[in-house]
file query.pdb (PDB, C-alpha atoms)
ATOM      1  CA  MET A   1      58.738 100.782 112.095
ATOM      2  CA  GLY A   2      60.730 103.705 110.774
ATOM      3  CA  ARG A   3      59.349 107.177 110.439
ATOM      4  CA  PRO A   4      57.593 107.797 107.124
ATOM      5  CA  ARG A   5      59.327 110.144 104.688
ATOM      6  CA  THR A   6      57.794 113.583 104.476
ATOM      7  CA  SER A   7      59.239 114.232 101.015
ATOM      8  CA  GLY A   8      59.066 112.262  97.830
ATOM      9  CA  TYR A   9      62.847 111.718  97.621
ATOM     10  CA  LYS A  10      64.549 108.513  98.658
ATOM     11  CA  PRO A  11      67.516 108.955 100.975
ATOM     12  CA  ALA A  12      70.865 108.546  99.230
ATOM     13  CA  ARG A  13      72.592 105.237  99.850
ATOM     14  CA  ALA A  14      75.986 105.349 101.478
ATOM     15  CA  ARG A  15      78.718 104.671  98.926
ATOM     16  CA  LYS A  16      80.858 101.657  99.661
ATOM     17  CA  ASN A  17      84.564 102.329  99.482
ATOM     18  CA  LYS A  18      86.367 100.602  96.652
ATOM     19  CA  PHE A  19      89.892  99.213  96.771
ATOM     20  CA  ARG A  20      91.323 102.302  95.098
ATOM     21  CA  ASP A  21      89.879 104.454  97.900
ATOM     22  CA  TYR A  22      92.286 102.764 100.306
ATOM     23  CA  VAL A  23      95.426 102.939  98.161
ATOM     24  CA  PRO A  24      97.642 105.807  99.386
ATOM     25  CA  ARG A  25      97.397 108.888  97.192
ATOM     26  CA  VAL A  26     101.013 109.783  97.823
ATOM     27  CA  GLY A  27     103.012 107.612  95.432
ATOM     28  CA  PHE A  28     100.158 106.470  93.182
ATOM     29  CA  ILE A  29      97.833 108.107  90.646
ATOM     30  CA  LEU A  30      94.836 105.853  90.085
ATOM     31  CA  LYS A  31      92.565 108.267  88.212
ATOM     32  CA  ASP A  32      94.564 108.124  84.983
ATOM     33  CA  TYR A  33      92.424 106.208  82.476
ATOM     34  CA  LYS A  34      95.272 103.872  81.425
ATOM     35  CA  VAL A  35      95.846 102.952  85.059
ATOM     36  CA  ARG A  36      92.126 102.397  85.559
ATOM     37  CA  MET A  37      92.077  99.972  82.629
ATOM     38  CA  LEU A  38      94.899  97.962  84.179
ATOM     39  CA  LEU A  39      93.248  98.004  87.602
ATOM     40  CA  ASP A  40      89.920  96.891  86.095
ATOM     41  CA  ALA A  41      91.651  93.651  85.063
ATOM     42  CA  VAL A  42      92.238  92.866  88.749
ATOM     43  CA  ASP A  43      89.579  91.429  91.074
ATOM     44  CA  THR A  44      90.024  94.339  93.478
ATOM     45  CA  THR A  45      86.962  93.355  95.530
ATOM     46  CA  LEU A  46      88.653  90.053  96.330
ATOM     47  CA  VAL A  47      91.907  91.874  97.117
ATOM     48  CA  LYS A  48      90.114  94.281  99.462
ATOM     49  CA  ASN A  49      88.224  91.493 101.235
ATOM     50  CA  LYS A  50      91.352  89.372 101.703
ATOM     51  CA  ILE A  51      93.234  92.263 103.261
ATOM     52  CA  LYS A  52      90.259  92.910 105.522
ATOM     53  CA  ASP A  53      90.125  89.239 106.600
ATOM     54  CA  PHE A  54      93.717  89.357 107.821
ATOM     55  CA  SER A  55      93.452  92.626 109.711
ATOM     56  CA  ASP A  56      91.346  94.158 112.461
ATOM     57  CA  GLY A  57      89.859  96.710 110.075
ATOM     58  CA  LEU A  58      90.268  98.255 106.678
ATOM     59  CA  ASN A  59      91.861 101.654 106.233
ATOM     60  CA  LYS A  60      94.655 103.291 104.256
ATOM     61  CA  ASP A  61      97.334 102.322 106.754
ATOM     62  CA  VAL A  62      96.323  98.648 106.649
ATOM     63  CA  VAL A  63      96.268  98.563 102.827
ATOM     64  CA  ASP A  64      99.565 100.462 102.723
ATOM     65  CA  GLN A  65     101.236  97.759 104.823
ATOM     66  CA  ALA A  66      99.551  94.906 102.937
ATOM     67  CA  LEU A  67     100.744  96.127  99.548
ATOM     68  CA  ALA A  68     104.216  96.820 100.908
ATOM     69  CA  TYR A  69     104.573  93.154 101.950
ATOM     70  CA  VAL A  70     104.088  92.072  98.321
ATOM     71  CA  PHE A  71     106.701  94.470  96.937
ATOM     72  CA  ASP A  72     109.075  93.692  99.820
ATOM     73  CA  GLY A  73     109.080  90.032  98.785
ATOM     74  CA  ALA A  74     109.743  90.939  95.172
ATOM     75  CA  ASN A  75     112.585  93.264  96.138
ATOM     76  CA  GLN A  76     114.222  90.565  98.232
ATOM     77  CA  ALA A  77     113.985  88.110  95.328
ATOM     78  CA  MET A  78     115.455  90.674  92.941
ATOM     79  CA  GLU A  79     118.358  91.429  95.255
ATOM     80  CA  GLU A  80     119.146  87.741  95.758
ATOM     81  CA  ASP A  81     118.991  86.893  92.044
ATOM     82  CA  PRO A  82     118.334  89.795  89.649
ATOM     83  CA  SER A  83     118.169  87.470  86.640
ATOM     84  CA  ALA A  84     115.389  85.235  88.018
ATOM     85  CA  ILE A  85     112.564  87.531  86.958
ATOM     86  CA  ALA A  86     113.844  87.439  83.356
ATOM     87  CA  GLU A  87     114.461  83.705  83.234
ATOM     88  CA  THR A  88     110.969  82.545  84.161
ATOM     89  CA  THR A  89     107.348  83.475  83.596
ATOM     90  CA  PRO A  90     105.626  86.057  85.790
ATOM     91  CA  ALA A  91     103.443  83.345  87.321
ATOM     92  CA  LEU A  92     106.463  81.297  88.446
ATOM     93  CA  PHE A  93     108.297  84.369  89.716
ATOM     94  CA  TRP A  94     105.373  85.606  91.837
ATOM     95  CA  GLN A  95     104.264  82.177  93.110
ATOM     96  CA  PRO A  96     106.754  81.914  96.017
ATOM     97  CA  ILE A  97     106.367  85.606  96.811
ATOM     98  CA  LYS A  98     102.595  85.464  97.169
ATOM     99  CA  ASN A  99     102.864  82.211  99.178
ATOM    100  CA  ALA A 100     105.058  84.015 101.717
ATOM    101  CA  VAL A 101     102.548  86.848 102.322
ATOM    102  CA  HIS A 102      99.688  85.948 104.629
ATOM    103  CA  TRP A 103      96.859  87.690 102.759
ATOM    104  CA  THR A 104      97.898  86.577  99.250
ATOM    105  CA  ARG A 105      98.426  82.858  99.866
ATOM    106  CA  ASP A 106      95.025  81.894  98.439
ATOM    107  CA  PHE A 107      95.462  84.037  95.330
ATOM    108  CA  ASP A 108      96.421  82.886  91.880
ATOM    109  CA  ALA A 109      99.865  84.273  91.051
ATOM    110  CA  GLY A 110      98.413  85.897  87.946
ATOM    111  CA  ILE A 111      96.213  88.159  90.079
ATOM    112  CA  ILE A 112      99.231  89.368  92.038
ATOM    113  CA  PHE A 113     101.132  90.041  88.810
ATOM    114  CA  GLN A 114      98.223  92.080  87.398
ATOM    115  CA  LEU A 115      97.921  94.022  90.645
ATOM    116  CA  VAL A 116     101.648  94.785  90.627
ATOM    117  CA  VAL A 117     101.534  95.981  87.003
ATOM    118  CA  ALA A 118      98.595  98.303  87.775
ATOM    119  CA  LEU A 119     100.328  99.736  90.843
ATOM    120  CA  LEU A 120     103.594 100.202  88.932
ATOM    121  CA  ALA A 121     101.705 102.154  86.270
ATOM    122  CA  ALA A 122     100.050 104.279  88.960
ATOM    123  CA  HIS A 123     103.419 104.937  90.582
ATOM    124  CA  GLU A 124     105.110 105.835  87.287
ATOM    125  CA  LYS A 125     102.404 108.444  86.626
ATOM    126  CA  TYR A 126     102.981 109.905  90.082
ATOM    127  CA  ASP A 127     106.758 109.888  89.666
ATOM    128  CA  GLU A 128     106.441 111.769  86.370
ATOM    129  CA  ALA A 129     104.518 114.543  88.104
ATOM    130  CA  ARG A 130     106.404 114.544  91.403
ATOM    131  CA  PRO A 131     109.907 113.043  91.117
ATOM    132  CA  TYR A 132     110.884 110.652  93.873
ATOM    133  CA  GLU A 133     114.002 112.544  94.920
ATOM    134  CA  LYS A 134     111.943 115.642  95.702
ATOM    135  CA  PHE A 135     108.959 114.003  97.370
ATOM    136  CA  LYS A 136     110.246 110.739  98.868
ATOM    137  CA  ASN A 137     109.816 112.127 102.377
ATOM    138  CA  GLN A 138     106.036 111.970 101.813
ATOM    139  CA  TYR A 139     106.060 108.310 100.764
ATOM    140  CA  GLY A 140     104.413 105.547 102.768
ATOM    141  CA  ARG A 141     105.560 101.927 103.004
ATOM    142  CA  SER A 142     103.921 100.626  99.823
ATOM    143  CA  ALA A 143     104.984 103.562  97.641
ATOM    144  CA  GLU A 144     108.578 103.286  98.882
ATOM    145  CA  SER A 145     108.687  99.534  98.261
ATOM    146  CA  CYS A 146     107.005  99.892  94.856
ATOM    147  CA  HIS A 147     109.539 102.544  93.842
ATOM    148  CA  LYS A 148     112.408 100.256  94.865
ATOM    149  CA  PHE A 149     111.010  97.407  92.771
ATOM    150  CA  SER A 150     110.654  99.737  89.799
ATOM    151  CA  SER A 151     114.243 100.928  90.249
ATOM    152  CA  LEU A 152     115.601  97.376  90.461
ATOM    153  CA  LEU A 153     113.827  96.405  87.250
ATOM    154  CA  LYS A 154     115.254  99.407  85.427
ATOM    155  CA  GLN A 155     118.716  98.894  86.906
ATOM    156  CA  HIS A 156     119.069  95.236  85.904
ATOM    157  CA  HIS A 157     116.792  94.829  82.877
ATOM    158  CA  SER A 158     116.473  98.157  81.082
ATOM    159  CA  ASP A 159     117.819  96.500  77.896
ATOM    160  CA  ASN A 160     115.265  93.655  78.040
ATOM    161  CA  TYR A 161     112.524  95.263  75.977
ATOM    162  CA  LEU A 162     109.955  92.489  76.329
ATOM    163  CA  LEU A 163     110.361  92.172  80.108
ATOM    164  CA  MET A 164     110.126  95.917  80.575
ATOM    165  CA  SER A 165     106.998  95.991  78.431
ATOM    166  CA  LEU A 166     105.367  93.407  80.692
ATOM    167  CA  TYR A 167     105.814  95.546  83.776
ATOM    168  CA  PHE A 168     105.798  99.109  82.471
ATOM    169  CA  LYS A 169     103.748  99.210  79.277
ATOM    170  CA  THR A 170     100.527 101.135  79.982
ATOM    171  CA  LYS A 171      99.173 101.553  76.451
ATOM    172  CA  VAL A 172      95.729 100.072  75.932
ATOM    173  CA  SER A 173      93.408 100.006  72.930
ATOM    174  CA  LEU A 174      90.244 102.035  73.493
ATOM    175  CA  ASP A 175      87.956 102.341  70.467
ATOM    176  CA  SER A 176      85.384 104.610  72.077
ATOM    177  CA  ASP A 177      84.451 108.247  72.346
ATOM    178  CA  ASP A 178      85.382 108.157  76.033
ATOM    179  CA  GLU A 179      89.084 108.276  75.099
ATOM    180  CA  ALA A 180      88.776 111.843  73.852
ATOM    181  CA  ASP A 181      87.053 112.882  77.057
ATOM    182  CA  ASP A 182      89.910 111.483  79.126
ATOM    183  CA  GLU A 183      92.682 113.136  77.130
ATOM    184  CA  GLY A 184      94.221 116.210  78.711
ATOM    185  CA  SER A 185      96.400 118.986  77.402
ATOM    186  CA  ASP A 186      98.560 119.331  80.533
ATOM    187  CA  ASP A 187     100.401 116.003  80.315
ATOM    188  CA  ASN A 188     103.765 117.493  81.237
ATOM    189  CA  LYS A 189     102.545 120.062  83.726
ATOM    190  CA  GLU A 190     103.636 119.563  87.314
ATOM    191  CA  PRO A 191     100.598 119.811  89.602
ATOM    192  CA  GLU A 192     100.459 122.320  92.344
ATOM    193  CA  GLY A 193      98.507 122.142  95.550
ATOM    194  CA  PRO A 194      98.733 121.800  99.307
ATOM    195  CA  SER A 195      98.789 118.610 101.318
ATOM    196  CA  ASP A 196      95.662 117.559 103.164
ATOM    197  CA  PRO A 197      95.652 116.720 106.910
ATOM    198  CA  ASP A 198      96.346 113.020 106.225
ATOM    199  CA  GLY A 199      99.528 113.862 104.327
ATOM    200  CA  ASP A 200      97.949 113.179 100.926
ATOM    201  CA  THR A 201      99.017 115.564  98.183
ATOM    202  CA  VAL A 202      96.342 117.236  96.098
ATOM    203  CA  MET A 203      97.140 116.358  92.489
ATOM    204  CA  GLU A 204      93.987 116.854  90.474
ATOM    205  CA  GLU A 205      95.788 118.120  87.373
ATOM    206  CA  ALA A 206      98.161 115.172  87.227
ATOM    207  CA  GLU A 207      95.403 112.654  87.907
ATOM    208  CA  GLU A 208      93.471 113.742  84.852
ATOM    209  CA  GLU A 209      96.324 113.132  82.427
ATOM    210  CA  GLY A 210      95.352 111.551  79.134
ATOM    211  CA  GLU A 211      97.038 109.548  76.404
ATOM    212  CA  PRO A 212      98.287 111.199  73.228
ATOM    213  CA  LYS A 213      97.017 109.954  69.905
ATOM    214  CA  GLY A 214      98.894 106.906  68.580
ATOM    215  CA  LYS A 215     100.439 106.464  65.151
ATOM    216  CA  LYS A 216      98.697 104.529  62.405
ATOM    217  CA  ARG A 217     100.029 101.013  62.305
ATOM    218  CA  SER A 218     101.534  99.486  59.161
ATOM    219  CA  ARG A 219     101.014  95.891  58.012
ATOM    220  CA  GLU A 220     104.523  94.984  59.210
ATOM    221  CA  ASP A 221     103.764  96.606  62.556
ATOM    222  CA  GLY A 222     100.603  94.513  62.843
ATOM    223  CA  GLU A 223     102.493  91.301  62.073
ATOM    224  CA  ASN A 224     105.110  92.091  64.705
ATOM    225  CA  GLN A 225     102.413  92.802  67.282
ATOM    226  CA  GLU A 226     100.682  89.512  66.470
ATOM    227  CA  GLN A 227     104.006  87.737  67.007
ATOM    228  CA  LEU A 228     104.456  89.431  70.357
ATOM    229  CA  GLY A 229     100.811  88.790  71.225
ATOM    230  CA  SER A 230     101.265  85.055  70.650
ATOM    231  CA  LYS A 231     104.211  85.064  73.068
ATOM    232  CA  ARG A 232     102.143  86.909  75.692
ATOM    233  CA  ARG A 233      99.132  84.610  75.271
ATOM    234  CA  GLU A 234     101.361  81.596  75.918
ATOM    235  CA  MET A 235     102.198  83.221  79.259
ATOM    236  CA  GLY A 236      98.561  83.893  80.069
ATOM    237  CA  LEU A 237      98.965  87.682  79.842
ATOM    238  CA  GLY A 238      96.992  90.432  78.149
ATOM    239  CA  GLU A 239      98.140  92.377  75.094
ATOM    240  CA  TRP A 240      99.252  95.959  74.612
ATOM    241  CA  VAL A 241      99.335  98.070  71.463
ATOM    242  CA  TYR A 242     102.762  99.080  70.153
ATOM    243  CA  THR A 243     103.737 101.864  67.790
ATOM    244  CA  GLU A 244     105.558 101.080  64.550
ATOM    245  CA  GLU A 245     108.960 101.895  66.076
ATOM    246  CA  GLU A 246     108.280  99.702  69.103
ATOM    247  CA  ALA A 247     107.111  96.827  66.940
ATOM    248  CA  GLU A 248     110.353  96.939  64.938
ATOM    249  CA  LEU A 249     112.346  96.483  68.143
ATOM    250  CA  VAL A 250     110.520  93.229  68.898
ATOM    251  CA  SER A 251     110.321  91.886  65.349
ATOM    252  CA  ASN A 252     112.548  88.998  66.466
ATOM    253  CA  VAL A 253     110.554  88.400  69.640
ATOM    254  CA  GLY A 254     110.341  84.702  68.891
ATOM    255  CA  ALA A 255     113.994  84.453  69.845
ATOM    256  CA  MET A 256     113.532  86.339  73.117
ATOM    257  CA  ASN A 257     113.209  84.569  76.429
ATOM    258  CA  ILE A 258     111.726  86.092  79.608
TER
END
call {"tool": "encode", "arguments": {"input": "query.pdb", "output": "structure tokens"}}
result
Amino acid sequence: MGRPRTSGYKPARARKNKFRDYVPRVGFILKDYKVRMLLDAVDTTLVKNKIKDFSDGLNKDVVDQALAYVFDGANQAMEEDPSAIAETTPALFWQPIKNAVHWTRDFDAGIIFQLVVALLAAHEKYDEARPYEKFKNQYGRSAESCHKFSSLLKQHHSDNYLLMSLYFKTKVSLDSDDEADDEGSDDNKEPEGPSDPDGDTVMEEAEEEGEPKGKKRSREDGENQEQLGSKRREMGLGEWVYTEEEAELVSNVGAMNI
């Protein structure tokens, strides 16, 4: 029997680490609310457990390598045939890549795509605050590979609006009072701070960035978004909210092919 408590307070339970606790802080900002919304769409508990099953333990180095394998496969596919990612659905593009990585073989390709989109969003937020050319020497394997994949997409498909929106669009619709709490006034401010002993950079200001208020949508804007939404639903993907200017650019989305 354990010793009885002498006070009336229950001991605090140890907090279990979540998947985001293992993702390297250098190269990714996961605290941004738009990134959190994208990451919430991923079964991160399953991702964490699968990585753990194929390794001796679970730590930042293990997760760093595991995520790098996924982006490495995508980079190789992009270098061999840059047009492939635009000529097929995300599920078909990621199917052979996830089959080639030991810990993702049992996953649905859609989960890998959602994970990649969330990590790309997290990396883009980091890159805005700390440009790659200045801080690449701090990058780990996954951040480096993620940045390369992002660069390849922009290099070969920057004019493909719909494809770029699939991988880089981070706007989400939040009709709650929590949105105002998450909005910050230092969106363009570069964070300052020392590096911790593990090489992680302290970036509290950048991690609390918020989303500026969106424009009121017109009826035409709404029709264009519904058209784009139908295309995305056919592909089994979620929907993002577009501004009026963005909606005009995809008004002929029915004729687009990705």
call {"tool": "resolve_selection", "arguments": {"input": "query.pdb", "expression": "the PyMOL selection byres ((chain A and resi 116) around 10)", "output": "PyMOL selection string"}}
result
chain A and resi 38-39+42+67+70-71+94+110-115+117-122+146+149+167
call {"tool": "residues_around", "arguments": {"input": "query.pdb", "residues": "A:Asp127", "least_positions_apart": "5", "cutoff": "10 Å", "atoms": "all atoms listed in the file", "output": "count of residues only"}}
result
12
call {"tool": "closest_residue", "arguments": {"input": "query.pdb", "among": "A:Thr45, A:Phe93, A:Phe54, A:Ser158", "to": "A:Asp81", "atoms": "all atoms listed in the file"}}
result
A:Phe93
call {"tool": "atom_distance", "arguments": {"input": "query.pdb", "atom1": "atom CA of A:Arg141", "atom2": "atom CA of A:Ala68"}}
result
5.7 Å
call {"tool": "atom_distance", "arguments": {"input": "query.pdb", "atom1": "atom CA of A:Arg105", "atom2": "atom CA of A:Val62"}}
result
17.3 Å
call {"tool": "residues_around", "arguments": {"input": "query.pdb", "residues": "A:Asp53", "least_positions_apart": "6", "cutoff": "12 Å", "atoms": "all atoms listed in the file", "output": "list of chain:residue names"}}
result
A:Leu46, A:Val47, A:Val62, A:Val63, A:Ala66, A:His102, A:Trp103, A:Thr104
call {"tool": "atom_distance", "arguments": {"input": "query.pdb", "atom1": "atom CA of A:Ala143", "atom2": "atom CA of A:Asp21"}}
result
15.1 Å
call {"tool": "closest_residue", "arguments": {"input": "query.pdb", "among": "A:Asp159, A:Ala86, A:Pro24, A:Asp64", "to": "A:Tyr126", "atoms": "only C-alpha atoms"}}
result
A:Pro24
call {"tool": "residues_near_point", "arguments": {"input": "query.pdb", "point": "(106.7, 89.6, 100.8)", "cutoff": "6 Å", "atoms": "only C-alpha atoms", "output": "list in words"}}
result
Tyr69, Val70, Asp72, Gly73, Ile97, Ala100 and Val101 of chain A
call {"tool": "write_last_selection", "arguments": {"input": "query.pdb", "atoms": "C-alpha atoms", "output": "compact mmCIF listing (two decimals), in the frame of the given file"}}
result
# COMPACT_ATOMS: atom_id res chain seq x y z
CA TYR A 69 104.57 93.15 101.95
CA VAL A 70 104.09 92.07 98.32
CA ASP A 72 109.08 93.69 99.82
CA GLY A 73 109.08 90.03 98.78
CA ILE A 97 106.37 85.61 96.81
CA ALA A 100 105.06 84.02 101.72
CA VAL A 101 102.55 86.85 102.32
call {"tool": "closest_residue", "arguments": {"input": "query.pdb", "among": "A:Lys125, A:Arg130, A:Gly140, A:Met78", "to": "A:His156", "atoms": "only C-alpha atoms"}}
result
A:Met78
call {"tool": "residues_around", "arguments": {"input": "query.pdb", "residues": "A:Leu92", "least_positions_apart": "4", "cutoff": "8 Å", "atoms": "all atoms listed in the file", "output": "ChimeraX atom specification"}}
result
/A:88,96,109
call {"tool": "axis_aligned_box", "arguments": {"input": "query.pdb", "around": "stretch 70-73 of chain A", "padding_each_side": "3 Å", "output": "AutoDock Vina command-line options"}}
result
--center_x 106.6 --center_y 92.3 --center_z 98.4 --size_x 11.0 --size_y 10.4 --size_z 8.9
